[in-house]
Amino acid sequence: MGQQLYSLCQVETKKLLWVMGMLFGVIIVFQYFELPYGSALFSLFSAGKVSGVVNSGFPNGNSPSKPNTIGNITFLNGSNSTNTHAIHERSDNIGKSEGMDRNQKSDFLSDRNGSLNNSLGLDVNNNANKEPSSENLVELNGNSTVTNVNNWGNQPAPEEAKEPKQSFYQKNDTTDGNFPVGKVGKGTNASTSGHIGNADTGFASPSPALPPGPPVTSTIVDTNIRTPVVDSNTSLLEKNGTTASEINKNSGLLQGSPTPSDDNSSANRVPMVNKGIETTSEVISISEMNDLLLLNHASSQSIAPSQTSAVDQELLHAKSLIENAPIIKNDPKLYAPLYRNISMFKRSYELMEKTLKVYIYREGEKPIFHKPPLKGIYASEGWFMKLLEANRKIITKKPRKAHLFYLPFSSRMLETTLYVPNSHNHKNLIQHLKNYLDMISVKYPFWNRSGGADHFLVACHDWAPAETREYMAKCIRALCNADMKGGFVLGKDVSLPETLVRSPQNLLRDLGGKPPSQRSILAFFAGNMHGYLRPILLKHWENKDPDMKIFSQMPKAKGNKNYIQHMKSSKYCICAKGYEVNSPRVVEAIFYECVPVFLSDNFVPPFFEVLNWESFAVFVLEKDIPNLKSILFSIPEKRYLELQMGVKKVQQHFLWHAKPVKYDIFHMILHSIWYNRLYQISS
């Protein structure tokens with residue numbers, strides 16, 4: 001009996017050992033192919049090792065090479081490029097508003113309805129446990145001159161680049177000799193804007209701007225964006241062993257192609273982190289804005305409704321038609337160099353005219369609601385409200401058929417009605433807007449359905465960004481104060497043109513200017529000494545050079561004729577920021593056919609989703625004010641004539657009409673709101 005029991009135990013032990021061996025083999029194979037780090041221990045405890053994109057732990061044999069320190073930007077160049085993007089942004093230095101305790105300030109990463117990253121379809125923690133592959137780190141000086149050049153050089157472009165699929169991010173880099181669009185002078189990049197100081201995002205007051213705070217740190221993660229170029233010659237990727245042509249080959253979006261349909265991409269999808277750029281620079285250049293717009297449109301999302309409605313399906317269909325728009329070579333009303341992609345813009349505009357329906361809430365008492373200002377520097381919000389409320393084709397009385405919902409308040413009237421002078425307290429203004437939202441969210445289901453993502457506002461007062469960032473952060477905000485360091489979200493928010501309306505009865509009075517051959521003044525500026533920048537401008541150029549007509553106050557003349565004649569007689573009109581980044585001089589310059597020169601770092605130009613501003617404007621860093629004349633003087637005459645022609649052609653988009661006409665400023669504002677909504681809709 002004992003011998004039989006012993007034999008039986010031997011057999012069972014062999015079976016048990018065999019089963020355990022098979023199980024161990026299966027585990028080894030599974031963890032090798034399926035677990036993220038090829039090891040059960042690494043995979044189970046990787047969360048403790050990995051901290052975001054920059055300060056990541058690396059498993060054995062996968063540590064990065066030593067970074068080459070050049071400046072404040074760290075570039076992680078992964079060996080395996082994929083068509084996925086993400087943006088992780090951190091903004092720790094948010095200026096406090098007047099009347100607010102520093103500990104009560106609103107962080108850009110949070111609001112009442114959740115984080116700003118969530119409103120863009122981004123989840124900071126979504127990739128916290130994902131390890132980047134072995135990468136080389138290259139750091140770039142945050143103040144380096146950066147621009148974009150033709151990636152093909154003197155070689156013929158490949159066939160797939162000659163007739164690309166449509167994308168609004170297709171670049172029109174018209175060149176003249178060695179001067180690419182937006183670049184003027186030797187070693188000077190006029191298309192690159194910068195930022196000096198003012199990271200304060202609180203309310204502006206009639207006092208000098210607050211001193212700058214510490215730099216804002218942000219992480220930009222990208223794989224497909226256009227290759228930036230250092231000193232106009234060497235790209236970051238080429239410095240790191242990757243050629244621009246290789247990136248072009250792997251990137252459909254880079255060549256103006258929409259995201260491939262087999263990528264399962266949608267507005268609701270959060271992309272994986274592959275590689276990133278960490279920057280502490282306070283300057284966001286025009287080139288970087290272009291890339292951020294692409295990234296935000298590619299990865300943003302709104303709160304998805306429980307069920308996809310018919311209007312949502314209409315928007316998704318329109319978006320598909322726009323991305324596959326037929327190529328337009330000639331259009332009598334549209335001048336191709338002005339646009340990121342003329343074919344997509346025209347198709348989008350046509351679909352907006354055919355499809356878009358807007359519901360305007362009737363609720364709200366005058367004068368804050370439904371009674372806008374039609375004169376002065378805040379007239380943009382007023383004329384838009386007036387013309388939209390009178391537009392029977394776009395407005396619908398059936399909210400369930402609406403694609404967008406308009407919050408009909410005036411930021412200017414909010415200030416004049418409720419603000420107590422010298423109180424330095426704006427909480428009652430914010431509370432008034434919150435009470436309105438509470439009322440419509442109880443009375444109607446539409447705000448709660450989308451978290452406000454299908455609602456929009458149009459506000460031109462300097463305080464509007466701070467008044468709306470807490471409770472209306474997920475709305476599409478059309479703002480004159482379009483400051484990248486002040487909470488403006490590219491791809492969601494819209495840069496609203498600030499227009500000075502002197503005569504509501506004659507909106508086009510004094511339109512136009514002298515021909516280029518009769519413009520004897522090189523550069524002109526006149527204005528009050530608002531903010532920190534204008535005194536610097538006058539210190540260097542007031543009464544210093546006969547070619548530079550730079551003034552604080554001009555002799556008064558009836559109808560401001562002296563000021564207007566100077567604009568009509570100048571080649572370049574300086575658009576220097578005041579207390580905030582925006583200025584009515586941008587539209588004034590276009591109105592009088594003078595080439596606008598931006599002296600306002602981190603300002604997002606109007607209709608940025610559509611227009612290629614480098615084809616008709618010049619961008620100068622604030623720090624380059626001492627070199628202003630040499631920068632402008634170095635622009636070749638041929639290039640100036642191209643810029644001035646662009647100003648004349650783009651003028652139609654910046655004109656108000658008592659009765660709106662096609663492609664005018666009213667329709668362009670509405671189009672930018674429509675277009676950004678298409679890229680916020682969830683499928």
# chains A, B, ... in the order shown; residues from 1 in each chain; ligands from 1
>>> select_by_dssp(residues="segment 567-674 of chain A", states="helix (DSSP H, G or I)", output="PyMOL selection string")
chain A and resi 567-568+585-591+613-615+622-633+637-654+665-674
>>> closest_atom_pairs(of="segment 476-583 of chain A", to="segment 637-643 of chain A", cutoff="10 Å", atoms="only C-alpha atoms", output="JSON lines")
{"residue": "A:Pro516", "atom": "CA", "partner": "A:Leu641", "partner_atom": "CA", "distance": 7.3}
{"residue": "A:Ser517", "atom": "CA", "partner": "A:Leu641", "partner_atom": "CA", "distance": 9.7}
{"residue": "A:Lys571", "atom": "CA", "partner": "A:Tyr640", "partner_atom": "CA", "distance": 8.2}
{"residue": "A:Tyr572", "atom": "CA", "partner": "A:Tyr640", "partner_atom": "CA", "distance": 9.3}
>>> write_last_selection(atoms="all heavy atoms", output="PDB file, in the first residue's frame")
ATOM      1  N   PRO A 516       1.513 102.844 -53.034  1.00  0.00           N
ATOM      2  CA  PRO A 516       2.842 102.649 -52.441  1.00  0.00           C
ATOM      3  C   PRO A 516       3.867 103.709 -52.833  1.00  0.00           C
ATOM      4  O   PRO A 516       4.677 104.131 -52.004  1.00  0.00           O
ATOM      5  CB  PRO A 516       3.246 101.265 -52.953  1.00  0.00           C
ATOM      6  CG  PRO A 516       1.962 100.563 -53.201  1.00  0.00           C
ATOM      7  CD  PRO A 516       1.007 101.612 -53.663  1.00  0.00           C
ATOM      8  N   SER A 517       3.839 104.159 -54.071  1.00  0.00           N
ATOM      9  CA  SER A 517       4.840 105.122 -54.542  1.00  0.00           C
ATOM     10  C   SER A 517       4.710 106.480 -53.860  1.00  0.00           C
ATOM     11  O   SER A 517       5.653 107.278 -53.855  1.00  0.00           O
ATOM     12  CB  SER A 517       4.717 105.300 -56.061  1.00  0.00           C
ATOM     13  OG  SER A 517       3.423 105.785 -56.402  1.00  0.00           O
ATOM     14  N   LYS A 571       4.327 103.539 -45.061  1.00  0.00           N
ATOM     15  CA  LYS A 571       4.493 102.178 -45.558  1.00  0.00           C
ATOM     16  C   LYS A 571       4.105 101.170 -44.476  1.00  0.00           C
ATOM     17  O   LYS A 571       3.390 100.204 -44.740  1.00  0.00           O
ATOM     18  CB  LYS A 571       5.943 101.950 -45.988  1.00  0.00           C
ATOM     19  CG  LYS A 571       6.354 102.656 -47.264  1.00  0.00           C
ATOM     20  CD  LYS A 571       7.763 102.241 -47.669  1.00  0.00           C
ATOM     21  CE  LYS A 571       8.139 102.825 -49.025  1.00  0.00           C
ATOM     22  NZ  LYS A 571       9.498 102.405 -49.449  1.00  0.00           N
ATOM     23  N   TYR A 572       4.609 101.390 -43.280  1.00  0.00           N
ATOM     24  CA  TYR A 572       4.377 100.459 -42.177  1.00  0.00           C
ATOM     25  C   TYR A 572       3.738 101.203 -41.012  1.00  0.00           C
ATOM     26  O   TYR A 572       4.161 102.302 -40.643  1.00  0.00           O
ATOM     27  CB  TYR A 572       5.693  99.827 -41.715  1.00  0.00           C
ATOM     28  CG  TYR A 572       6.402  99.030 -42.791  1.00  0.00           C
ATOM     29  CD1 TYR A 572       7.445  99.588 -43.520  1.00  0.00           C
ATOM     30  CD2 TYR A 572       6.021  97.721 -43.076  1.00  0.00           C
ATOM     31  CE1 TYR A 572       8.093  98.864 -44.512  1.00  0.00           C
ATOM     32  CE2 TYR A 572       6.659  96.991 -44.058  1.00  0.00           C
ATOM     33  CZ  TYR A 572       7.697  97.572 -44.780  1.00  0.00           C
ATOM     34  OH  TYR A 572       8.326  96.846 -45.754  1.00  0.00           O
TER      35      TYR A 572
END
>>> atom_distance(atom1="atom CA of Ile342 of chain A", atom2="atom CA of Leu490 of chain A")
20.1 Å
>>> closest_residue(among="A:Val661, A:Val604, A:Ala310, A:Ile673", to="Ala478 of chain A", atoms="only C-alpha atoms")
A:Ile673
>>> residues_around(residues="Leu334 of chain A", least_positions_apart="3", cutoff="10 Å", atoms="only C-alpha atoms", output="ChimeraX atom specification")
/A:330-331,337-339,342,345-346,649-650,652,663
>>> residues_around(residues="Pro445 of chain A", least_positions_apart="6", cutoff="12 Å", atoms="only C-alpha atoms", output="list in words")
Pro305, Pro399, Arg400, Phe405, Leu437, Asp438, Met439, Gly451 and Gly452 of chain A
>>> closest_residue(among="A:Ser423, A:Asn562, A:Ser380, A:Ser630", to="Pro584 of chain A", atoms="only C-alpha atoms")
A:Ser380
>>> closest_residue(among="A:Gln651, A:Ser495, A:Ser343, A:Ser569", to="Phe524 of chain A", atoms="only C-alpha atoms")
A:Ser569
>>> closest_residue(among="A:His455, A:Leu315, A:Met289, A:Ser299", to="Tyr359 of chain A", atoms="only C-alpha atoms")
A:His455
>>> select_by_dssp(residues="segment 562-598 of chain A", states="strand (DSSP E or B)", output="NGL selection string")
:A and (570-576 or 595-598)
